[in-house]
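J.: I am sharing protein21.txt, which consists of compact mmCIF, C-alpha atoms:
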# COMPACT_ATOMS: atom_id res chain seq x y z
CA MET P 17 0.00 0.00 0.00
CA LYS P 18 1.34 3.43 -0.98
CA SER P 19 1.98 6.13 1.58
CA THR P 20 0.79 9.66 0.94
CA VAL P 21 3.40 12.39 0.60
CA TRP P 22 2.02 15.91 0.42
CA PHE P 23 3.83 18.47 -1.74
CA ALA P 24 3.77 22.25 -1.76
CA SER P 25 5.64 24.16 -4.45
CA LEU P 26 7.39 27.44 -3.72
CA ARG P 27 5.30 29.44 -6.20
CA ALA P 28 3.27 32.22 -4.58
CA ARG P 29 1.12 35.05 -5.93
CA SER P 30 -0.70 36.04 -2.73
CA GLY P 31 -0.33 36.00 1.03
CA ASP P 32 -2.36 32.80 1.19
CA GLU P 33 0.36 31.12 -0.86
CA SER P 34 3.33 32.28 1.24
CA THR P 35 5.81 29.67 2.40
CA GLU P 36 4.68 30.25 5.99
CA ALA P 37 1.08 29.56 5.00
CA LYS P 38 2.12 26.43 3.12
CA VAL P 39 3.98 25.03 6.12
CA ARG P 40 0.83 25.43 8.20
CA ARG P 41 -1.34 23.87 5.48
CA LEU P 42 1.02 20.91 5.12
CA PHE P 43 0.86 20.33 8.87
CA GLU P 44 -2.94 20.38 8.74
CA THR P 45 -3.40 18.39 5.53
CA ALA P 46 -0.93 15.68 6.53
CA GLY P 47 -2.96 15.17 9.70
CA PHE P 48 -0.17 15.91 12.15
CA SER P 49 -2.63 17.17 14.73
CA SER P 50 -3.73 13.56 15.20
CA CYS P 51 -0.13 12.69 16.19
CA ILE P 52 -0.22 15.15 19.08
CA HIS P 53 -2.34 14.99 22.23
CA ALA P 54 -3.05 17.76 24.72
CA ARG P 55 -0.14 18.35 27.10
CA ASP P 56 2.21 16.25 24.97
CA ARG P 57 5.81 17.31 25.28
CA THR P 58 6.38 17.53 21.54
CA ALA P 59 9.91 17.58 20.14
CA ILE P 60 10.54 19.49 16.94
CA LYS P 61 13.66 17.73 15.70
CA LEU P 62 15.78 19.80 13.35
CA HIS P 63 19.33 20.93 12.63
CA PHE P 64 20.42 24.41 13.74
CA GLY P 65 23.34 24.48 11.30
CA GLU P 66 27.02 24.62 12.15
CA ARG P 67 28.47 28.11 12.65
CA GLY P 68 29.24 29.40 9.16
CA ASN P 69 26.51 27.29 7.53
CA ASP P 70 23.44 29.16 6.25
CA SER P 71 21.35 26.51 4.43
CA TYR P 72 19.46 25.22 7.49
CA ILE P 73 15.66 25.60 7.73
CA SER P 74 14.59 29.15 8.51
CA PRO P 75 13.39 29.62 12.10
CA VAL P 76 10.45 31.57 10.66
CA TYR P 77 9.16 28.31 9.17
CA VAL P 78 9.82 26.44 12.39
CA ARG P 79 7.60 28.93 14.20
CA GLN P 80 4.66 27.87 12.03
CA VAL P 81 5.00 24.31 13.34
CA VAL P 82 5.39 25.56 16.91
CA GLU P 83 2.13 27.47 16.60
CA LYS P 84 0.26 24.46 15.17
CA ILE P 85 1.50 22.28 18.03
CA LYS P 86 0.32 24.88 20.54
CA GLU P 87 -3.08 24.94 18.84
CA ALA P 88 -3.27 21.19 19.56
CA GLY P 89 -2.76 21.97 23.26
CA ALA P 90 0.72 20.46 23.40
CA LEU P 91 4.06 21.76 24.69
CA PRO P 92 6.56 22.18 21.84
CA PHE P 93 10.31 22.36 22.21
CA VAL P 94 12.94 22.62 19.50
CA THR P 95 15.79 20.15 19.77
CA ASP P 96 18.89 18.48 18.39
CA SER P 97 21.72 16.41 19.92
CA ASN P 98 25.39 17.24 20.40
CA THR P 99 27.93 16.40 17.72
CA LEU P 100 30.64 13.77 17.66
CA TYR P 101 33.17 16.11 16.05
CA LEU P 102 34.55 19.33 17.48
CA GLY P 103 32.75 22.44 16.29
CA SER P 104 30.11 24.91 17.38
CA ARG P 105 27.61 22.25 18.57
CA SER P 106 29.66 19.69 20.52
CA ASN P 107 28.23 20.68 23.92
CA ALA P 108 24.93 22.24 24.96
CA VAL P 109 26.38 25.69 25.76
CA ASP P 110 27.96 26.11 22.33
CA HIS P 111 25.01 24.36 20.70
CA VAL P 112 22.37 26.68 22.16
CA THR P 113 24.58 29.70 21.42
CA THR P 114 24.84 28.64 17.78
CA ALA P 115 21.08 28.05 17.62
CA VAL P 116 20.37 31.53 18.96
CA LEU P 117 22.86 33.16 16.59
CA HIS P 118 21.02 31.42 13.74
CA GLY P 119 17.68 32.81 14.87
CA PHE P 120 16.37 29.91 16.96
CA ASP P 121 15.54 31.87 20.08
CA TYR P 122 12.21 32.15 21.89
CA ALA P 123 11.41 35.58 20.47
CA VAL P 124 11.49 34.15 16.94
CA ILE P 125 10.27 30.55 17.22
CA GLY P 126 8.04 30.80 20.30
CA ALA P 127 9.44 27.68 21.97
CA PRO P 128 12.47 26.75 24.08
CA VAL P 129 15.60 25.21 22.61
CA ILE P 130 16.52 22.03 24.53
CA ILE P 131 19.59 20.00 23.60
CA ALA P 132 18.24 16.48 23.88
CA ASP P 133 21.33 14.74 25.24
CA GLY P 134 22.24 17.34 27.85
CA LEU P 135 25.27 19.48 28.55
CA CYS P 136 27.95 17.00 27.46
CA GLY P 137 25.99 14.30 25.65
CA LYS P 138 25.43 12.17 28.74
CA ASN P 139 21.63 12.43 29.01
CA VAL P 140 20.91 9.19 27.16
CA ALA P 141 18.56 6.24 27.13
CA ARG P 142 19.08 2.69 25.90
CA VAL P 143 16.39 1.51 23.51
CA THR P 144 15.94 -2.18 22.69
CA ILE P 145 15.56 -2.91 18.97
CA LYS P 146 16.99 -6.45 18.45
CA LYS P 147 18.20 -5.92 14.89
CA LYS P 148 21.12 -7.23 12.84
CA HIS P 149 23.80 -4.81 14.03
CA PHE P 150 22.40 -3.61 17.36
CA LYS P 151 20.34 -5.24 20.06
CA THR P 152 20.06 -1.87 21.80
CA VAL P 153 20.81 1.68 20.61
CA THR P 154 21.75 4.80 22.57
CA ILE P 155 19.28 7.65 21.95
CA ALA P 156 19.27 11.18 23.39
CA GLY P 157 17.30 11.12 26.63
CA ASP P 158 14.89 13.93 25.86
CA ILE P 159 14.00 12.44 22.47
CA VAL P 160 12.98 9.25 24.25
CA ALA P 161 11.14 11.25 26.94
CA ALA P 162 9.17 13.29 24.39
CA ASP P 163 5.58 12.15 23.89
CA SER P 164 5.44 13.04 20.19
CA MET P 165 7.73 14.48 17.53
CA ILE P 166 7.72 16.52 14.34
CA VAL P 167 10.88 15.93 12.30
CA MET P 168 11.82 18.95 10.18
CA THR P 169 14.54 18.14 7.66
CA HIS P 170 16.63 20.12 5.21
CA PHE P 171 17.14 17.58 2.42
CA LYS P 172 20.68 17.66 0.95
CA GLY P 173 23.66 15.56 -0.06
CA HIS P 174 26.01 13.78 2.32
CA GLU P 175 29.66 12.73 2.12
CA VAL P 176 29.04 9.10 3.11
CA ALA P 177 25.29 8.46 3.35
CA GLY P 178 24.65 9.80 -0.18
CA PHE P 179 21.87 12.08 0.99
CA GLY P 180 20.64 13.42 4.29
CA GLY P 181 16.88 13.20 4.69
CA ALA P 182 14.34 12.38 7.38
CA LEU P 183 15.88 8.98 8.13
CA LYS P 184 19.33 10.42 8.72
CA ASN P 185 17.81 13.25 10.77
CA LEU P 186 16.38 10.55 13.04
CA ALA P 187 19.50 8.39 13.11
CA MET P 188 22.39 10.77 13.65
CA GLY P 189 20.26 13.65 14.87
CA CYS P 190 18.59 11.76 17.70
CA ALA P 191 21.77 10.03 18.88
CA PRO P 192 24.22 11.42 21.44
CA PRO P 193 27.95 11.30 20.57
CA ALA P 194 28.18 7.69 21.81
CA GLY P 195 25.35 6.69 19.47
CA LYS P 196 26.87 8.58 16.57
CA ARG P 197 30.18 6.80 17.19
CA ALA P 198 28.41 3.42 17.17
CA GLN P 199 26.91 4.20 13.78
CA HIS P 200 30.14 5.36 12.13
CA GLN P 201 32.75 2.74 13.09
CA ALA P 202 34.30 2.87 9.60
CA LYS P 203 37.86 4.20 9.68
CA PRO P 204 39.30 6.43 6.94
CA PHE P 205 42.85 6.16 5.63
CA PRO P 206 45.14 8.66 3.88
CA ILE P 207 46.18 8.38 0.24
CA ARG P 208 49.77 9.46 0.53
CA ASP P 209 50.30 10.16 -3.18
CA LEU P 210 47.50 12.74 -3.09
CA CYS P 211 48.28 14.30 0.29
CA THR P 212 49.77 17.81 0.06
CA GLY P 213 50.51 18.12 3.77
CA CYS P 214 48.19 21.11 4.23
CA GLY P 215 47.21 19.98 7.74
CA LYS P 216 43.48 20.72 7.48
CA CYS P 217 42.69 17.17 8.57
CA VAL P 218 44.94 17.58 11.61
CA GLU P 219 43.12 20.76 12.63
CA THR P 220 39.65 19.26 12.32
CA CYS P 221 40.19 15.86 14.00
CA PRO P 222 38.30 15.84 17.33
CA LYS P 223 40.51 13.11 18.83
CA SER P 224 43.97 14.20 17.59
CA ALA P 225 44.16 10.95 15.65
CA ILE P 226 45.87 12.58 12.64
CA THR P 227 49.43 13.80 12.50
CA LEU P 228 51.75 14.91 9.72
CA VAL P 229 54.72 12.61 9.27
CA ARG P 230 57.21 13.89 6.69
CA LYS P 231 54.50 16.25 5.43
CA LYS P 232 51.98 13.45 4.87
CA SER P 233 48.85 12.64 6.88
CA THR P 234 48.97 9.62 9.17
CA ILE P 235 45.84 8.35 10.96
CA ASP P 236 46.04 6.44 14.23
CA ARG P 237 43.20 3.93 13.83
CA ASN P 238 43.14 3.28 17.56
CA LEU P 239 42.27 6.94 18.21
CA CYS P 240 40.06 7.50 15.15
CA ILE P 241 36.31 7.57 15.89
CA GLY P 242 35.21 7.53 12.24
CA CYS P 243 33.48 10.90 12.16
CA PHE P 244 34.65 11.49 8.54
CA GLU P 245 35.32 15.21 9.14
CA CYS P 246 38.83 14.79 7.73
CA MET P 247 37.32 13.55 4.45
CA THR P 248 35.01 16.54 4.32
CA VAL P 249 37.71 19.18 4.74
CA CYS P 250 40.52 17.61 2.68
CA PRO P 251 40.95 19.85 -0.39
CA SER P 252 42.86 17.21 -2.38
CA HIS P 253 40.56 14.23 -1.62
CA ALA P 254 43.53 12.44 -0.07
CA ILE P 255 41.53 10.64 2.62
CA ASP P 256 39.23 7.76 1.76
CA ILE P 257 37.47 4.72 3.17
CA ASP P 258 36.79 1.20 1.92
CA TRP P 259 33.50 2.04 0.24
CA GLU P 260 32.68 -1.47 -0.92
CA THR P 261 32.76 -3.09 2.51
CA GLU P 262 32.31 -0.22 4.97
CA ILE P 263 29.48 1.87 3.54
CA PRO P 264 26.73 -0.78 3.29
CA LEU P 265 27.37 -1.58 6.96
CA PHE P 266 27.41 2.10 7.92
CA THR P 267 24.09 2.62 6.14
CA GLU P 268 22.45 -0.30 7.92
CA ARG P 269 23.71 0.90 11.31
CA LEU P 270 22.35 4.36 10.47
CA ILE P 271 18.89 3.00 9.71
CA GLU P 272 18.78 0.83 12.82
CA TYR P 273 19.37 3.99 14.86
CA ALA P 274 16.56 5.73 12.97
CA TYR P 275 14.36 2.78 13.89
CA GLY P 276 15.36 3.13 17.55
CA ALA P 277 14.69 6.87 17.59
CA VAL P 278 10.96 6.41 16.97
CA GLN P 279 10.33 3.40 19.21
CA GLY P 280 7.43 4.05 21.59
CA LYS P 281 6.03 6.74 19.30
CA ALA P 282 3.86 4.75 16.89
CA GLY P 283 1.42 7.16 15.25
CA LYS P 284 3.04 10.06 17.09
CA VAL P 285 5.63 11.30 14.54
CA GLY P 286 5.22 13.56 11.51
CA TYR P 287 7.81 14.54 8.90
CA ILE P 288 8.31 17.80 7.00
CA SER P 289 11.18 18.05 4.50
CA PHE P 290 12.43 21.21 2.79
CA LEU P 291 13.79 20.72 -0.71
CA THR P 292 15.48 24.11 -0.80
CA ARG P 293 19.16 25.06 -0.97
CA ILE P 294 19.92 21.46 -1.88
CA THR P 295 23.63 21.52 -1.13
CA PRO P 296 26.23 18.75 -1.54
CA ASP P 297 27.01 18.52 2.18
CA CYS P 298 25.35 18.09 5.56
CA ASP P 299 24.54 21.28 7.49
CA CYS P 300 27.22 20.07 9.93
CA VAL P 301 29.94 21.66 7.80
CA PRO P 302 30.82 25.31 8.56
CA TRP P 303 29.91 26.49 5.07
CA SER P 304 27.10 26.13 2.53
CA ASP P 305 28.08 25.26 -1.03
CA ALA P 306 25.99 26.30 -4.02
CA SER P 307 22.82 24.31 -4.69
CA ILE P 308 23.11 21.38 -7.09
CA VAL P 309 19.55 21.78 -8.47
CA PRO P 310 16.84 24.48 -8.30
CA ASP P 311 14.70 24.83 -5.19
CA ILE P 312 11.75 22.44 -5.44
CA GLY P 313 9.31 22.76 -2.54
CA ILE P 314 8.25 21.24 0.76
CA LEU P 315 7.04 17.71 1.58
CA ALA P 316 5.04 16.31 4.48
CA SER P 317 4.20 12.72 5.41
CA LYS P 318 3.79 10.35 8.33
CA ASP P 319 6.12 7.90 6.57
CA PRO P 320 9.88 8.66 6.76
CA VAL P 321 10.74 6.18 4.01
CA ALA P 322 8.18 7.55 1.58
CA ILE P 323 9.13 11.18 2.19
CA ASP P 324 12.82 10.43 1.56
CA ALA P 325 11.95 8.40 -1.54
CA ALA P 326 9.85 11.28 -2.88
CA ALA P 327 12.59 13.80 -2.09
CA CYS P 328 15.18 11.71 -3.97
CA ASP P 329 12.91 11.37 -6.99
CA LEU P 330 12.08 15.09 -7.08
CA VAL P 331 15.76 16.04 -6.91
CA ASN P 332 16.71 13.55 -9.61
CA GLN P 333 13.98 14.88 -11.92
CA GLN P 334 15.71 18.27 -12.02
CA GLU P 335 18.30 19.61 -14.41
CA GLY P 336 21.47 19.96 -12.37
CA TYR P 337 23.39 23.20 -12.17
CA ALA P 338 26.60 23.26 -14.21
CA GLU P 339 28.36 25.60 -11.77
CA SER P 340 28.02 23.31 -8.77
CA PHE P 341 29.66 20.36 -7.02
CA LEU P 342 27.66 18.09 -9.34
CA THR P 343 30.20 16.82 -11.88
CA THR P 344 28.10 14.24 -13.77
CA HIS P 345 24.44 13.11 -13.97
CA ARG P 346 23.19 16.64 -14.50
CA HIS P 347 20.32 15.67 -16.79
CA PRO P 348 16.73 15.10 -15.58
CA GLY P 349 16.23 11.50 -14.43
CA GLU P 350 19.87 10.94 -13.55
CA ASP P 351 20.96 10.21 -9.97
CA LYS P 352 22.34 13.51 -8.68
CA PHE P 353 23.77 12.00 -5.49
CA SER P 354 25.91 9.41 -7.26
CA GLY P 355 26.79 12.19 -9.70
CA MET P 356 28.48 13.97 -6.80
CA ARG P 357 29.84 10.91 -5.02
CA PRO P 358 29.77 7.74 -7.13
CA ASN P 359 30.73 5.45 -4.25
CA THR P 360 27.71 6.31 -2.10
CA ASP P 361 24.42 4.42 -2.17
CA GLY P 362 21.75 6.58 -0.57
CA LYS P 363 18.93 4.36 -1.76
CA ARG P 364 20.19 1.59 0.51
CA GLN P 365 18.81 3.76 3.34
CA LEU P 366 15.34 3.39 1.84
CA GLN P 367 15.67 -0.32 1.17
CA TYR P 368 16.83 -1.23 4.65
CA ALA P 369 14.33 1.07 6.38
CA GLU P 370 11.56 -0.64 4.39
CA GLU P 371 12.94 -4.04 5.43
CA LEU P 372 12.74 -2.96 9.08
CA GLY P 373 9.11 -1.94 8.64
CA MET P 374 9.65 1.79 9.03
CA GLY P 375 7.60 2.61 5.95
CA THR P 376 7.41 2.04 2.21
CA ARG P 377 9.21 3.34 -0.84
CA GLU P 378 5.90 3.29 -2.69
CA TYR P 379 4.19 6.67 -2.39
CA GLU P 380 1.52 8.88 -3.90
CA LEU P 381 2.61 12.49 -4.29
CA VAL P 382 -0.36 14.77 -3.66
CA ARG P 383 -0.01 18.49 -4.43
CA LEU P 384 -1.66 21.06 -2.22
As structure tokens - that is how I would like this structure written.

T.:
Amino acid sequence: MKSTVWFASLRARSGDESTEAKVRRLFETAGFSSCIHARDRTAIKLHFGERGNDSYISPVYVRQVVEKIKEAGALPFVTDSNTLYLGSRSNAVDHVTTAVLHGFDYAVIGAPVIIADGLCGKNVARVTIKKKHFKTVTIAGDIVAADSMIVMTHFKGHEVAGFGGALKNLAMGCAPPAGKRAQHQAKPFPIRDLCTGCGKCVETCPKSAITLVRKKSTIDRNLCIGCFECMTVCPSHAIDIDWETEIPLFTERLIEYAYGAVQGKAGKVGYISFLTRITPDCDCVPWSDASIVPDIGILASKDPVAIDAAACDLVNQQEGYAESFLTTHRHPGEDKFSGMRPNTDGKRQLQYAEELGMGTREYELVRL
């Protein structure tokens, strides 16, 4: 049976067609009010963007969801979990400061910002899932404690996962650093012939696992936590991983964490995805590259698999921008994510999530 995915374009010729109005209509039409009961502590799970990044969802749009949750008589809070890597969101003090600097303060969004895994990522809960890679997963404590959840996602590319959608927002986004580390596990290695000795990988490594030896990067695999930040910042692409063996396992671990993040919330989670500023990288990087395709619109669904499947299809239907990170597969119908990173397999996210019973890849796209 197909899941319904609601779609709103970005065209507008009146105030009734504003993006704010469309966010509210998507919330109503997708039936998210039925996910939320009076006095529910309702998490709005999103990404505040790393300092320097500017492609995250606008807090003005988040406020529309806050107001709809309040209309349902519930208690909304806006949340994310601390990062595995060093940056502007690795502890709750820096994280909240970054959120406020990006406009996510009470005066704008009308709800408190609560970092779900606490000051230093230690507010956690163990969730039993009994799957192939994990019997239990470690989820941020206040995600588990929340009664209901609206997952707001900026859909974009990703260095290793292929794309970052609702499923990845659940998996990495709802996990504390310990849970993120459990998902990664894969260890990168330097390609010495390509390494220029610039030291950017050394600067970004959160565990000081990388050193320069005779002006070439060396990674201590005992210290490495597999956060992949070195791969992201390397200007000469001199750090790699064993894509054939490591990435399928990474993807499955990712999806098992997504599964764990929604346990105990059957019928209590809604998903809204923004297909705008579709950049090559996660909003975790401290920059925002040019979009790879034109802005498309906004999706809403109660099915995280269907909404990600629809997002992928809508992106791939576009003509890719020539002046972007997209090097091949620019034509409509071609896979834009493998066009950027041919070794990734984002669709494995959808396949495995469907196997776990999280939803279906079969969907009906209904336009507002």

J.: I'd like the neighbourhood of Glu380 in chain P as an NGL selection string, where a residue qualifies if any of its atoms comes within 12 Å (using only C-alpha atoms), though same-chain residues fewer than 4 positions away should be ignored.

T.: :P and (17-23 or 315-317 or 319 or 322-323 or 325-326 or 376)

J.: Extract, using only C-alpha atoms, all DNA, RNA and protein residues at most 9 Å from Trp259 in chain P, discarding same-chain residues fewer than 3 positions from it, and format them as a short mmCIF file (atom, residue, chain, number, x, y, z; two decimals) with C-alpha atoms, in the coordinates of the input.

T.:
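Saved result, out.cif, follows:
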data_model
loop_
_atom_site.label_atom_id
_atom_site.label_comp_id
_atom_site.auth_asym_id
_atom_site.auth_seq_id
_atom_site.Cartn_x
_atom_site.Cartn_y
_atom_site.Cartn_z
CA VAL P 176 29.04 9.10 3.11
CA ASP P 256 39.23 7.76 1.76
CA GLU P 262 32.31 -0.22 4.97
CA ILE P 263 29.48 1.87 3.54
CA PRO P 264 26.73 -0.78 3.29
CA ASN P 359 30.73 5.45 -4.25
CA THR P 360 27.71 6.31 -2.10
#

J.: Considering only C-alpha atoms, return as a count of residues only whatever protein or nucleic-acid residues lie within 6 Å of range 73-83 of chain P, sequence-local ones (same chain, fewer than 3 positions apart) excluded.

T.: 5

J.: Which residues come within 9 Å of Leu372 in chain P, counting all atoms listed in the file, excluding same-chain residues fewer than 3 positions away, as a CSV table (one decimal) with C-alpha atoms, in the frame of the given file?

T.:
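Okay, this is what ended up in part23.csv:
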chain,number,residue,atom,x,y,z
P,147,LYS,CA,18.2,-5.9,14.9
P,271,ILE,CA,18.9,3.0,9.7
P,272,GLU,CA,18.8,0.8,12.8
P,275,TYR,CA,14.4,2.8,13.9
P,367,GLN,CA,15.7,-0.3,1.2
P,368,TYR,CA,16.8,-1.2,4.6
P,369,ALA,CA,14.3,1.1,6.4
P,375,GLY,CA,7.6,2.6,6.0

J.: Which residue out of P:Gly362, P:Gly31, P:Pro222, P:Gly157 has the minimum interatomic distance to Leu135 in chain P when only C-alpha atoms are used?

T.: P:Gly157

J.: Select, from P:Arg57, P:Lys138, P:Lys281, P:His200, the residue with the minimum atom-to-atom distance to Ala108 in chain P, counting only C-alpha atoms.

T.: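 Under the stated criterion, the closest residue is P:Lys138.
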
J.: P:Thr154, P:Thr261, P:Ser50, P:Thr114: which is nearest Lys203 in chain P, counting only C-alpha atoms?

T.: P:Thr261

J.: In Å, how far is it from CA of Leu366 in chain P to CA of Asp258 in chain P?

T.: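 Here the two named atoms are 21.6 Å from each other.
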